[in-house]
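Chemist: File name start.txt; file contents compact mmCIF, C-alpha atoms; full text below.
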# COMPACT_ATOMS: atom_id res chain seq x y z
CA MET A 40 58.59 14.57 34.54
CA ASN A 41 54.80 14.48 34.16
CA THR A 42 53.38 11.77 31.91
CA PRO A 43 50.72 13.21 29.59
CA VAL A 44 47.24 11.90 30.31
CA PRO A 45 45.78 10.23 27.21
CA ASP A 46 42.53 11.63 25.85
CA VAL A 47 39.98 8.94 26.58
CA ARG A 48 36.95 10.97 25.59
CA MET A 49 34.65 9.22 23.15
CA SER A 50 34.23 10.81 19.72
CA PRO A 51 30.69 11.76 18.64
CA ALA A 52 30.68 9.07 15.95
CA ALA A 53 31.83 6.43 18.42
CA ALA A 54 29.17 7.49 20.94
CA VAL A 55 26.39 7.32 18.35
CA GLY A 56 27.70 3.99 17.09
CA LEU A 57 27.83 2.55 20.61
CA VAL A 58 24.19 3.47 21.31
CA ALA A 59 23.12 2.24 17.87
CA SER A 60 24.85 -1.13 18.28
CA ARG A 61 23.19 -1.57 21.66
CA GLU A 62 19.76 -0.88 20.14
CA ILE A 63 20.41 -3.24 17.21
CA ARG A 64 21.51 -6.04 19.52
CA ILE A 65 18.54 -5.65 21.85
CA ARG A 66 15.96 -5.42 19.05
CA LEU A 67 17.32 -8.33 17.00
CA MET A 68 17.27 -10.53 20.10
CA SER A 69 13.71 -9.47 20.87
CA LYS A 70 11.18 -12.28 20.50
CA ALA A 71 8.50 -9.77 19.47
CA TYR A 72 10.66 -8.52 16.59
CA ARG A 73 11.37 -12.01 15.28
CA ILE A 74 7.74 -13.10 15.60
CA SER A 75 6.44 -9.98 13.84
CA THR A 76 8.93 -10.47 11.00
CA VAL A 77 7.95 -14.12 10.54
CA VAL A 78 4.24 -13.26 10.66
CA MET A 79 4.61 -10.56 7.98
CA LEU A 80 6.64 -12.93 5.79
CA LEU A 81 3.98 -15.62 6.13
CA LEU A 82 1.24 -13.13 5.28
CA ILE A 83 3.09 -11.95 2.18
CA VAL A 84 3.81 -15.51 0.96
CA ALA A 85 0.27 -16.69 1.80
CA GLY A 86 -1.23 -13.73 -0.05
CA ILE A 87 0.84 -14.48 -3.15
CA LEU A 88 -0.14 -18.17 -3.07
CA ILE A 89 -3.83 -17.30 -2.67
CA ILE A 90 -3.61 -14.95 -5.68
CA LYS A 91 -1.92 -17.77 -7.61
CA LEU A 92 -4.68 -20.26 -6.72
CA VAL A 93 -7.48 -17.83 -7.50
CA ALA A 94 -5.91 -16.78 -10.79
CA GLY A 95 -5.13 -20.38 -11.71
CA GLY A 96 -8.70 -21.47 -11.04
CA GLY A 97 -10.31 -18.74 -13.13
CA GLY A 98 -12.97 -19.91 -15.58
CA ALA A 99 -16.18 -18.63 -17.07
CA ASP A 100 -18.15 -16.01 -15.17
CA SER A 101 -21.42 -17.77 -16.06
CA THR A 102 -22.52 -20.99 -17.75
CA VAL A 103 -25.78 -20.76 -19.70
CA GLY A 104 -27.70 -23.68 -21.19
CA TYR A 105 -29.85 -23.44 -24.30
CA THR A 106 -32.50 -25.70 -25.79
CA PRO A 107 -32.82 -26.54 -29.50
CA ALA A 108 -35.42 -23.80 -29.83
CA THR A 109 -33.10 -21.14 -28.35
CA ALA A 110 -29.90 -22.27 -30.09
CA GLY A 111 -29.90 -19.08 -32.15
CA PHE A 112 -29.27 -17.04 -29.00
CA SER A 113 -26.08 -18.87 -27.99
CA ALA A 114 -23.59 -17.11 -30.29
CA PRO A 115 -24.85 -13.51 -29.75
CA LEU A 116 -25.02 -14.17 -25.99
CA LYS A 117 -21.37 -15.18 -25.89
CA THR A 118 -20.33 -12.26 -28.11
CA GLY A 119 -22.31 -9.80 -25.99
CA GLY A 120 -20.52 -11.01 -22.88
CA GLN A 121 -17.11 -10.50 -24.50
CA ALA A 122 -18.09 -6.93 -25.39
CA ILE A 123 -18.40 -6.00 -21.71
CA GLY A 124 -15.60 -8.22 -20.40
CA VAL A 125 -17.80 -11.09 -19.15
CA THR A 126 -16.89 -14.67 -20.04
CA ILE A 127 -20.00 -16.76 -20.76
CA ASP A 128 -19.92 -20.46 -21.58
CA VAL A 129 -22.93 -21.74 -23.51
CA THR A 130 -23.87 -25.40 -23.51
CA PRO A 131 -26.75 -27.26 -25.21
CA VAL A 132 -29.35 -29.28 -23.30
CA ALA A 133 -31.78 -31.82 -24.72
CA ASP A 134 -34.88 -29.96 -23.53
CA GLU A 135 -36.11 -27.63 -20.81
CA ALA A 136 -36.58 -30.48 -18.32
CA ALA A 137 -32.94 -31.54 -18.71
CA GLY A 138 -31.87 -27.94 -18.40
CA ARG A 139 -33.81 -27.44 -15.16
CA ALA A 140 -32.16 -30.55 -13.74
CA LYS A 141 -28.75 -29.03 -14.44
CA LEU A 142 -29.88 -25.77 -12.87
CA ALA A 143 -30.88 -27.67 -9.75
CA ASP A 144 -27.52 -29.44 -9.37
CA GLY A 145 -25.50 -26.28 -10.07
CA SER A 146 -24.15 -27.30 -13.48
CA LEU A 147 -25.79 -24.26 -15.07
CA ASP A 148 -26.13 -20.68 -13.85
CA ALA A 149 -29.00 -19.92 -16.19
CA LEU A 150 -31.17 -21.61 -18.83
CA LEU A 151 -32.59 -20.04 -22.00
CA THR A 152 -36.18 -21.21 -22.41
CA GLY A 153 -39.16 -20.49 -24.66
CA ASP A 154 -39.73 -20.73 -28.39
CA GLY A 155 -36.73 -18.62 -29.46
CA LYS A 156 -38.82 -15.63 -30.57
CA SER A 157 -38.03 -13.67 -27.38
CA VAL A 158 -35.47 -14.08 -24.64
CA HIS A 159 -36.67 -16.08 -21.64
CA VAL A 160 -34.28 -17.12 -18.88
CA GLN A 161 -34.61 -19.27 -15.80
CA VAL A 162 -32.22 -19.50 -12.83
CA LYS A 163 -32.08 -21.55 -9.66
CA LYS A 164 -32.29 -18.57 -7.30
CA ASP A 165 -30.67 -15.26 -8.33
CA LEU A 166 -29.60 -13.89 -11.71
CA ASP A 167 -26.03 -12.55 -11.82
CA GLY A 168 -25.90 -8.79 -12.45
CA ASN A 169 -23.40 -9.00 -15.32
CA LEU A 170 -25.35 -11.80 -16.99
CA LYS A 171 -28.53 -9.75 -16.61
CA ASP A 172 -26.88 -6.89 -18.52
CA VAL A 173 -25.83 -9.21 -21.35
CA LEU A 174 -29.31 -10.74 -21.57
CA GLN A 175 -30.84 -7.28 -21.73
CA VAL A 176 -28.61 -6.38 -24.67
CA LEU A 177 -29.50 -9.71 -26.34
CA SER A 178 -33.24 -9.09 -25.96
CA GLN A 179 -32.84 -5.66 -27.57
CA GLN A 180 -30.94 -7.21 -30.49
CA VAL A 181 -33.72 -9.78 -30.97
CA ALA A 182 -36.35 -7.02 -30.97
CA VAL A 183 -34.41 -4.99 -33.56
CA THR A 184 -33.95 -8.06 -35.76
CA GLN A 185 -37.67 -8.77 -35.67
CA GLN A 186 -38.47 -5.19 -36.66
CA VAL A 187 -35.99 -5.28 -39.57
CA THR A 188 -37.60 -8.52 -40.79
CA ALA A 189 -41.08 -7.01 -40.51
CA LEU A 190 -39.98 -4.05 -42.64
CA GLY A 191 -38.65 -6.38 -45.35
CA GLY A 192 -34.97 -5.90 -44.61
CA ASP A 193 -32.18 -8.44 -44.27
CA PRO A 194 -31.40 -9.00 -40.55
CA ALA A 195 -28.01 -10.56 -41.34
CA ARG A 196 -26.86 -7.53 -43.33
CA PHE A 197 -28.22 -5.20 -40.66
CA GLN A 198 -26.37 -7.03 -37.86
CA ALA A 199 -23.15 -7.05 -39.91
CA ALA A 200 -23.42 -3.30 -40.47
CA VAL A 201 -24.03 -2.66 -36.78
CA ALA A 202 -21.14 -4.94 -35.75
CA SER A 203 -18.69 -3.21 -38.11
CA ALA A 204 -19.62 0.33 -37.00
CA LYS A 205 -16.86 1.87 -34.85
CA PHE A 206 -16.20 5.31 -33.48
CA ILE A 207 -12.98 7.16 -34.32
CA GLU A 208 -10.91 8.39 -31.39
CA ASP A 209 -8.81 11.50 -31.99
CA PRO A 210 -5.36 11.75 -30.34
CA PRO A 211 -5.60 12.90 -26.68
CA LEU A 212 -4.32 16.30 -25.60
CA GLU A 213 -2.00 14.56 -23.10
CA GLN A 214 -0.55 11.09 -23.47
CA PRO A 215 -2.02 8.89 -20.69
CA TYR A 216 0.10 6.43 -18.73
CA ASP A 217 -0.89 2.80 -19.08
CA TYR A 218 -1.04 1.56 -15.49
CA ASN A 219 -0.30 -2.12 -15.06
CA GLY A 220 -2.63 -3.95 -12.66
CA GLN A 221 0.26 -5.73 -10.95
CA GLN A 222 2.08 -2.43 -10.49
CA LEU A 223 -1.01 -1.03 -8.79
CA VAL A 224 -0.99 -3.96 -6.36
CA LEU A 225 2.75 -3.55 -5.75
CA GLY A 226 2.19 0.12 -5.02
CA ILE A 227 -0.49 -0.60 -2.43
CA ILE A 228 1.69 -3.28 -0.78
CA ALA A 229 4.63 -0.87 -0.67
CA GLY A 230 2.45 1.75 0.99
CA ILE A 231 1.17 -0.76 3.55
CA LEU A 232 4.71 -1.89 4.45
CA ILE A 233 5.94 1.68 4.84
CA TYR A 234 2.90 2.59 6.92
CA MET A 235 3.24 -0.41 9.24
CA SER A 236 6.98 0.09 9.66
CA LEU A 237 6.70 3.79 10.46
CA LEU A 238 3.86 3.07 12.85
CA MET A 239 5.65 0.28 14.72
CA ASN A 240 9.27 1.42 14.69
CA GLY A 241 8.42 5.06 15.28
CA GLN A 242 6.47 4.10 18.38
CA ILE A 243 9.36 1.91 19.53
CA VAL A 244 11.66 4.94 19.45
CA ALA A 245 9.29 6.97 21.63
CA GLN A 246 8.69 4.05 24.02
CA GLY A 247 12.45 3.44 24.32
CA VAL A 248 13.03 7.05 25.34
CA VAL A 249 10.33 6.83 28.01
CA GLU A 250 11.67 3.49 29.25
CA GLU A 251 15.12 4.98 29.77
CA LYS A 252 13.65 8.01 31.53
CA THR A 253 11.60 5.84 33.88
CA SER A 254 14.49 3.50 34.77
CA ARG A 255 16.91 6.44 35.16
CA VAL A 256 19.24 4.74 32.67
CA VAL A 257 19.29 7.98 30.75
CA GLU A 258 21.04 9.74 33.66
CA LEU A 259 23.93 7.28 33.48
CA LEU A 260 24.15 7.51 29.70
CA LEU A 261 24.10 11.29 29.65
CA SER A 262 26.96 11.41 32.12
CA THR A 263 29.25 10.11 29.37
CA ILE A 264 27.61 11.17 26.10
CA LYS A 265 25.61 14.15 24.90
CA PRO A 266 21.80 14.08 24.55
CA TRP A 267 21.87 14.43 20.75
CA GLN A 268 24.28 11.50 20.49
CA LEU A 269 21.94 9.31 22.55
CA MET A 270 18.96 10.32 20.43
CA ALA A 271 20.84 9.83 17.14
CA GLY A 272 22.16 6.43 18.20
CA LYS A 273 18.71 5.25 19.23
CA VAL A 274 17.16 6.39 15.92
CA LEU A 275 20.01 4.88 13.90
CA GLY A 276 19.87 1.54 15.73
CA ILE A 277 16.11 1.05 15.55
CA GLY A 278 16.11 2.30 11.97
CA THR A 279 18.69 -0.30 11.00
CA VAL A 280 16.64 -3.08 12.53
CA GLY A 281 13.55 -1.85 10.67
CA LEU A 282 15.56 -1.66 7.46
CA ILE A 283 16.62 -5.29 7.82
CA GLN A 284 12.98 -6.22 8.21
CA MET A 285 11.94 -4.19 5.15
CA VAL A 286 14.67 -5.70 2.95
CA VAL A 287 13.85 -9.27 3.99
CA ILE A 288 10.11 -8.81 3.42
CA GLY A 289 10.57 -6.98 0.12
CA VAL A 290 13.04 -9.47 -1.33
CA VAL A 291 11.08 -12.55 -0.21
CA GLY A 292 7.84 -11.07 -1.55
CA VAL A 293 9.28 -10.20 -4.97
CA VAL A 294 11.16 -13.51 -5.33
CA THR A 295 8.06 -15.51 -4.37
CA GLY A 296 5.90 -13.51 -6.76
CA LEU A 297 8.30 -13.98 -9.67
CA ALA A 298 8.88 -17.66 -8.89
CA THR A 299 5.13 -18.43 -8.83
CA ASP A 300 4.45 -16.30 -11.94
CA VAL A 301 2.03 -14.15 -9.95
CA LEU A 302 4.28 -11.23 -10.84
CA THR A 303 4.81 -11.10 -14.59
CA ILE A 304 6.33 -7.62 -14.69
CA SER A 305 10.01 -7.30 -15.52
CA VAL A 306 12.60 -8.12 -12.87
CA SER A 307 13.98 -4.59 -13.16
CA ALA A 308 10.56 -3.10 -12.34
CA ALA A 309 10.18 -5.40 -9.33
CA VAL A 310 13.70 -4.62 -8.09
CA GLY A 311 13.02 -0.92 -8.61
CA THR A 312 9.98 -1.17 -6.36
CA VAL A 313 12.06 -2.77 -3.59
CA VAL A 314 14.79 -0.13 -3.96
CA TRP A 315 12.29 2.73 -3.72
CA LEU A 316 10.65 0.97 -0.76
CA ILE A 317 14.00 0.96 1.06
CA VAL A 318 14.77 4.58 0.13
CA TRP A 319 11.44 5.87 1.35
CA TYR A 320 11.55 3.74 4.48
CA LEU A 321 14.90 5.31 5.37
CA LEU A 322 13.74 8.85 4.62
CA GLY A 323 10.37 8.42 6.30
CA PHE A 324 11.75 6.69 9.36
CA LEU A 325 14.53 9.23 9.85
CA MET A 326 12.10 12.12 9.48
CA TYR A 327 9.42 10.77 11.79
CA SER A 328 11.56 8.90 14.33
CA ILE A 329 13.52 11.96 15.38
CA VAL A 330 10.19 13.67 15.97
CA PHE A 331 8.93 10.66 17.96
CA ALA A 332 12.12 10.64 20.04
CA ALA A 333 11.62 14.29 20.93
CA LEU A 334 7.94 13.83 21.70
CA GLY A 335 8.70 10.74 23.80
CA ALA A 336 11.06 12.80 25.94
CA LEU A 337 8.12 14.99 27.00
CA VAL A 338 6.47 12.23 29.06
CA SER A 339 7.57 9.82 31.77
CA ARG A 340 4.94 7.08 31.51
CA GLN A 341 4.45 4.50 28.75
CA GLU A 342 0.69 5.04 28.77
CA ASP A 343 1.24 8.68 27.78
CA VAL A 344 3.28 7.85 24.66
CA GLY A 345 0.25 7.33 22.45
CA GLY A 346 -1.25 10.69 23.32
CA VAL A 347 1.91 12.70 22.76
CA THR A 348 2.80 11.05 19.43
CA THR A 349 -0.72 11.05 17.96
CA PRO A 350 -0.44 14.44 16.20
CA ALA A 351 2.64 13.26 14.25
CA LEU A 352 1.09 9.85 13.55
CA MET A 353 -1.96 11.48 12.00
CA PHE A 354 0.14 12.61 9.03
CA VAL A 355 1.36 9.04 8.48
CA ILE A 356 -2.18 7.65 8.78
CA ALA A 357 -3.68 10.36 6.54
CA GLY A 358 -1.17 9.70 3.75
CA TYR A 359 -1.75 5.96 3.93
CA VAL A 360 -5.56 6.21 3.97
CA ILE A 361 -5.63 8.68 1.07
CA GLY A 362 -3.27 6.46 -0.93
CA ILE A 363 -5.15 3.17 -0.58
CA SER A 364 -8.58 4.78 -1.02
CA VAL A 365 -7.84 6.98 -4.05
CA LEU A 366 -4.96 5.49 -6.06
CA PRO A 367 -6.44 2.05 -6.92
CA SER A 368 -9.39 3.66 -8.73
CA ASP A 369 -7.63 6.84 -9.89
CA PRO A 370 -3.83 6.36 -10.17
CA GLY A 371 -3.33 9.73 -11.81
CA ASN A 372 -5.28 11.74 -9.22
CA THR A 373 -3.95 15.32 -9.14
CA PHE A 374 -4.68 15.84 -5.45
CA VAL A 375 -2.60 12.77 -4.53
CA GLU A 376 0.18 13.91 -6.87
CA VAL A 377 0.42 17.22 -4.99
CA LEU A 378 0.29 15.59 -1.55
CA SER A 379 2.95 13.05 -2.48
CA VAL A 380 5.50 15.84 -2.94
CA ILE A 381 4.78 17.37 0.49
CA PRO A 382 7.34 15.90 2.96
CA VAL A 383 4.92 14.81 5.70
CA PHE A 384 2.90 12.74 3.19
CA SER A 385 5.73 11.65 0.85
CA PRO A 386 6.90 8.54 2.77
CA THR A 387 3.54 6.79 2.32
CA LEU A 388 2.21 8.26 -0.94
CA MET A 389 5.30 8.54 -3.14
CA PRO A 390 6.40 4.86 -2.89
CA MET A 391 2.88 3.84 -3.91
CA ARG A 392 2.98 6.10 -6.97
CA LEU A 393 6.51 5.05 -7.89
CA ALA A 394 5.59 1.36 -7.76
CA MET A 395 2.55 2.03 -9.95
CA GLY A 396 4.67 3.91 -12.48
CA GLY A 397 4.05 7.04 -14.46
CA VAL A 398 5.71 9.44 -11.99
CA PRO A 399 7.72 12.18 -13.73
CA VAL A 400 11.37 12.14 -12.77
CA TRP A 401 11.24 15.72 -11.52
CA GLU A 402 8.46 14.85 -9.04
CA ALA A 403 10.48 11.97 -7.59
CA VAL A 404 13.57 14.17 -7.31
CA VAL A 405 11.67 17.09 -5.73
CA SER A 406 9.92 14.85 -3.19
CA VAL A 407 13.21 13.27 -2.09
CA GLY A 408 14.96 16.64 -2.06
CA LEU A 409 12.32 18.30 0.13
CA VAL A 410 12.53 15.52 2.72
CA VAL A 411 16.34 15.65 2.71
CA LEU A 412 16.21 19.42 3.21
CA LEU A 413 13.66 19.12 6.02
CA ILE A 414 15.56 16.49 8.04
CA PRO A 415 18.42 18.76 9.30
CA GLY A 416 15.88 21.26 10.60
CA LEU A 417 13.94 18.50 12.33
CA ILE A 418 17.14 17.14 13.86
CA TRP A 419 17.99 20.56 15.31
CA LEU A 420 14.47 21.07 16.66
CA ALA A 421 14.13 17.52 18.02
CA ALA A 422 17.58 17.65 19.65
CA ARG A 423 16.62 20.85 21.47
CA ILE A 424 13.36 19.35 22.76
CA TYR A 425 15.08 16.09 23.70
CA ARG A 426 17.94 17.82 25.51
CA ASN A 427 15.62 20.03 27.54
CA ALA A 428 13.00 17.40 28.41
CA VAL A 429 14.70 14.01 28.72
CA MET A 430 16.03 14.63 32.23
CA ARG A 431 12.74 15.97 33.57
CA THR A 432 10.58 13.23 35.09
CA GLY A 433 7.14 13.35 36.63
CA ALA A 434 4.51 15.51 34.95
CA LYS A 435 4.39 15.89 31.20
CA VAL A 436 6.72 18.60 29.91
CA LYS A 437 4.93 21.17 27.79
CA LEU A 438 6.31 21.50 24.28
CA ARG A 439 6.56 25.26 24.71
CA ASP A 440 8.67 24.85 27.84
CA ALA A 441 10.96 22.30 26.19
CA LEU A 442 11.60 24.60 23.28
CA ARG A 443 12.49 27.67 25.31
CA ALA A 444 14.38 26.00 28.17
CA ALA A 445 18.08 26.76 28.46
Here is a file; write its structure as structure tokens.

Modeler:
Amino acid sequence: MNTPVPDVRMSPAAAVGLVASREIRIRLMSKAYRISTVVMLLLIVAGILIIKLVAGGGGADSTVGYTPATAGFSAPLKTGGQAIGVTIDVTPVADEAAGRAKLADGSLDALLTGDGKSVHVQVKKDLDGNLKDVLQVLSQQVAVTQQVTALGGDPARFQAAVASAKFIEDPPLEQPYDYNGQQLVLGIIAGILIYMSLLMNGQIVAQGVVEEKTSRVVELLLSTIKPWQLMAGKVLGIGTVGLIQMVVIGVVGVVTGLATDVLTISVSAAVGTVVWLIVWYLLGFLMYSIVFAALGALVSRQEDVGGVTTPALMFVIAGYVIGISVLPSDPGNTFVEVLSVIPVFSPTLMPMRLAMGGVPVWEAVVSVGLVVLLIPGLIWLAARIYRNAVMRTGAKVKLRDALRAA
């Protein structure tokens, strides 16, 4: 009687899981990974503390002294500064000599001099641009007041009428979104983290493929598992390690910001930013890493990895550069809105916009949906390239040859 031979073949899920666990173990034990994580955490915490110190030490933009003769200029000078968002402290001095002494020791930024009939100012070296604008407005007010007096009018009534005059703003055609400054900063930080993670972990995938080709480890692995299982396991493992890093950095950053009162937005908004950061890291990494794995299989030397992955990296870099250069000054830019829905740019641009707020729900859904729809096609294409090129060492395999090989 023949004893049936048990089926010892590994299931696809088990094969992928085995490769992924190996990658996770190796990467987590890597000194470079731990050092990079600690460095990024320190940079995030240090940045938050610096913002706290700078914000906590904020005072007047300029301190201006005035003599008894120029005392009448002090109130309109301070009011004029408030009108353009400049904080000006005014302080009396006994005379011009005392004021110049304070200019010399840095106690004053500027000193109003003269007989009070026209605006004269003295500084130690340079006159601040914002203060110059306020003084210009003040000198014009003084000239108008003098003309009103010369014509027999009442300068006080004239100034009151001018101060009370306001324009009437009709309702806008479209309701604008009120962007919060802290949300803008969160958006930029989210974009930077996504960009750095895709750049580093994507390259690690490609370098790992080349390393296995060079050491011939891939030949042993492919004798027991299929090429797509090896590629999927590698992407899944490195992606998990990157995810751990993203979660740790995001949570520590938000908690530190809330604890130090640097972040005054709601906890739900901060948590939402971290959640979207994780979602877009996963989508972006999965989309780009499978491409990097396929491109890495085309070469057999580590020094060739940069050249073969550069075309794909350019999309990541372009999205990041456009985001940080356009969004801070123009959060509602239409060009960026369109690009953020296109899959190759979504992983860097959409998390920035989502953190800033004001993104219609349909745009967020469409951007996620397009990436999700694109990933299966990329997996099929990348698996074909990987399968046909990973066993070929030596010269670089042309992409055309890898695609049409049996």

Chemist: For CA of Leu302 (chain A) and CA of Gly278 (chain A), quote the distance in Å rounded to one decimal.

Modeler: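 Calculated distance between CA of Leu302 (chain A) and CA of Gly278 (chain A) is 29.0 Å.
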
Chemist: Out of A:Ile418, A:Ala336, A:Leu322, A:Met79, which residue has the shortest atom-to-atom distance to Val248 (chain A) when counting all atoms listed in the file?

Modeler: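 Going through A:Ile418, A:Ala336, A:Leu322, A:Met79 one by one, the smallest distance to Val248 (chain A) is for A:Ala336.
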
Chemist: Using all atoms listed in the file, I'd like a table of the residues in region 361-396 of chain A that come within 9 Å of region 403-408 of chain A; for each, show the closest atom pair and its distance in Å rounded to one decimal, ordered by chain and ascending number, as a Markdown table.

Modeler:
| residue | atom | partner | partner_atom | distance |
| --- | --- | --- | --- | --- |
| A:Ser379 | CA | A:Ser406 | CA | 7.2 |
| A:Val380 | CA | A:Ser406 | CA | 4.5 |
| A:Ile381 | CA | A:Ser406 | CA | 6.8 |
| A:Pro382 | CA | A:Ser406 | CA | 6.8 |
| A:Ser385 | CA | A:Ser406 | CA | 6.6 |
| A:Met389 | CA | A:Ala403 | CA | 7.6 |
| A:Leu393 | CA | A:Ala403 | CA | 8.0 |

Chemist: Looking at A:Gly323, A:Pro266, A:Pro115, A:Gly86, which one is nearest to Val129 (chain A), with distances taken over all atoms listed in the file?

Modeler: A:Pro115

Chemist: What's the 8 Å shell around region 237-244 of chain A, counting all atoms listed in the file, without same-chain residues fewer than 2 positions away, as an MDAnalysis selection string?

Modeler: chainID A and resid 233:235 246:248 273:274 277:278 281 320 323:324 327:328 331:332 335 344 348 352 355

Chemist: Output C-alpha atoms for every residue in that selection, as a PDB file, in the coordinates of the input.

Modeler:
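And here's again.pdb as it stands now:
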ATOM      1  CA  ILE A 233       5.940   1.680   4.840  1.00  0.00           C
ATOM      2  CA  TYR A 234       2.900   2.590   6.920  1.00  0.00           C
ATOM      3  CA  MET A 235       3.240  -0.410   9.240  1.00  0.00           C
ATOM      4  CA  GLN A 246       8.690   4.050  24.020  1.00  0.00           C
ATOM      5  CA  GLY A 247      12.450   3.440  24.320  1.00  0.00           C
ATOM      6  CA  VAL A 248      13.030   7.050  25.340  1.00  0.00           C
ATOM      7  CA  LYS A 273      18.710   5.250  19.230  1.00  0.00           C
ATOM      8  CA  VAL A 274      17.160   6.390  15.920  1.00  0.00           C
ATOM      9  CA  ILE A 277      16.110   1.050  15.550  1.00  0.00           C
ATOM     10  CA  GLY A 278      16.110   2.300  11.970  1.00  0.00           C
ATOM     11  CA  GLY A 281      13.550  -1.850  10.670  1.00  0.00           C
ATOM     12  CA  TYR A 320      11.550   3.740   4.480  1.00  0.00           C
ATOM     13  CA  GLY A 323      10.370   8.420   6.300  1.00  0.00           C
ATOM     14  CA  PHE A 324      11.750   6.690   9.360  1.00  0.00           C
ATOM     15  CA  TYR A 327       9.420  10.770  11.790  1.00  0.00           C
ATOM     16  CA  SER A 328      11.560   8.900  14.330  1.00  0.00           C
ATOM     17  CA  PHE A 331       8.930  10.660  17.960  1.00  0.00           C
ATOM     18  CA  ALA A 332      12.120  10.640  20.040  1.00  0.00           C
ATOM     19  CA  GLY A 335       8.700  10.740  23.800  1.00  0.00           C
ATOM     20  CA  VAL A 344       3.280   7.850  24.660  1.00  0.00           C
ATOM     21  CA  THR A 348       2.800  11.050  19.430  1.00  0.00           C
ATOM     22  CA  LEU A 352       1.090   9.850  13.550  1.00  0.00           C
ATOM     23  CA  VAL A 355       1.360   9.040   8.480  1.00  0.00           C
TER      24      VAL A 355
END

Chemist: Taking 5 positions as the minimum chain separation for residues in the same chain, which residues sit within 9 Å of region 173-186 of chain A when counting only C-alpha atoms? Answer as a list in words.

Modeler: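 In the requested form, the answer reads Phe112, Pro115, Leu116, Lys117, Gly119, Gly120, Ile123, Val125, Lys156, Ser157, Val158, His159, Val160, Gly168, Gly191, Gly192, Asp193, Pro194, Ala195, Phe197 and Gln198 of chain A.
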
Chemist: To one decimal in Å, tell me the separation between CA of Leu232 (chain A) and CA of Phe384 (chain A).

Modeler: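 Pair CA of Leu232 (chain A) / CA of Phe384 (chain A) returns 14.8 Å.
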
Chemist: Restrict the calculation to only C-alpha atoms, then for each residue of region 249-343 of chain A with any atom at most 12 Å from an atom of region 48-57 of chain A give the closest atom pair and their distance in Å to one decimal, rows by chain and rising residue number, as JSON lines.

Modeler:
{"residue": "A:Leu260", "atom": "CA", "partner": "A:Ala54", "partner_atom": "CA", "distance": 10.1}
{"residue": "A:Leu261", "atom": "CA", "partner": "A:Ala54", "partner_atom": "CA", "distance": 10.8}
{"residue": "A:Ser262", "atom": "CA", "partner": "A:Arg48", "partner_atom": "CA", "distance": 11.9}
{"residue": "A:Thr263", "atom": "CA", "partner": "A:Met49", "partner_atom": "CA", "distance": 8.3}
{"residue": "A:Ile264", "atom": "CA", "partner": "A:Ala54", "partner_atom": "CA", "distance": 6.5}
{"residue": "A:Lys265", "atom": "CA", "partner": "A:Pro51", "partner_atom": "CA", "distance": 8.4}
{"residue": "A:Pro266", "atom": "CA", "partner": "A:Val55", "partner_atom": "CA", "distance": 10.3}
{"residue": "A:Trp267", "atom": "CA", "partner": "A:Val55", "partner_atom": "CA", "distance": 8.8}
{"residue": "A:Gln268", "atom": "CA", "partner": "A:Val55", "partner_atom": "CA", "distance": 5.1}
{"residue": "A:Leu269", "atom": "CA", "partner": "A:Val55", "partner_atom": "CA", "distance": 6.4}
{"residue": "A:Met270", "atom": "CA", "partner": "A:Val55", "partner_atom": "CA", "distance": 8.3}
{"residue": "A:Ala271", "atom": "CA", "partner": "A:Val55", "partner_atom": "CA", "distance": 6.2}
{"residue": "A:Gly272", "atom": "CA", "partner": "A:Val55", "partner_atom": "CA", "distance": 4.3}
{"residue": "A:Lys273", "atom": "CA", "partner": "A:Val55", "partner_atom": "CA", "distance": 8.0}
{"residue": "A:Val274", "atom": "CA", "partner": "A:Val55", "partner_atom": "CA", "distance": 9.6}
{"residue": "A:Leu275", "atom": "CA", "partner": "A:Val55", "partner_atom": "CA", "distance": 8.2}
{"residue": "A:Gly276", "atom": "CA", "partner": "A:Gly56", "partner_atom": "CA", "distance": 8.3}
{"residue": "A:Thr279", "atom": "CA", "partner": "A:Gly56", "partner_atom": "CA", "distance": 11.7}

Chemist: Generate a file of the selected residues that holds C-alpha atoms, formatted as a tab-separated table (two decimals), in the frame of the given file.

Modeler:
chain	number	residue	atom	x	y	z
A	260	LEU	CA	24.15	7.51	29.70
A	261	LEU	CA	24.10	11.29	29.65
A	262	SER	CA	26.96	11.41	32.12
A	263	THR	CA	29.25	10.11	29.37
A	264	ILE	CA	27.61	11.17	26.10
A	265	LYS	CA	25.61	14.15	24.90
A	266	PRO	CA	21.80	14.08	24.55
A	267	TRP	CA	21.87	14.43	20.75
A	268	GLN	CA	24.28	11.50	20.49
A	269	LEU	CA	21.94	9.31	22.55
A	270	MET	CA	18.96	10.32	20.43
A	271	ALA	CA	20.84	9.83	17.14
A	272	GLY	CA	22.16	6.43	18.20
A	273	LYS	CA	18.71	5.25	19.23
A	274	VAL	CA	17.16	6.39	15.92
A	275	LEU	CA	20.01	4.88	13.90
A	276	GLY	CA	19.87	1.54	15.73
A	279	THR	CA	18.69	-0.30	11.00

Chemist: Need the shell around Lys164 (chain A): protein/DNA/RNA residues with any atom at most 10 Å away, counting only C-alpha atoms. Skip same-chain ones fewer than 2 positions apart. Format as a list of chain:residue names?

Modeler: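 Surrounding residues, per the criterion: A:Leu142, A:Ala143, A:Asp148, A:Ala149, A:Gln161, A:Val162, A:Leu166, A:Asp167.
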
Chemist: Can you work out the spacing between CA of Leu225 (chain A) and CA of Leu92 (chain A) in Å, to one decimal?

Modeler: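 Between CA of Leu225 (chain A) and CA of Leu92 (chain A) the gap is 18.3 Å.
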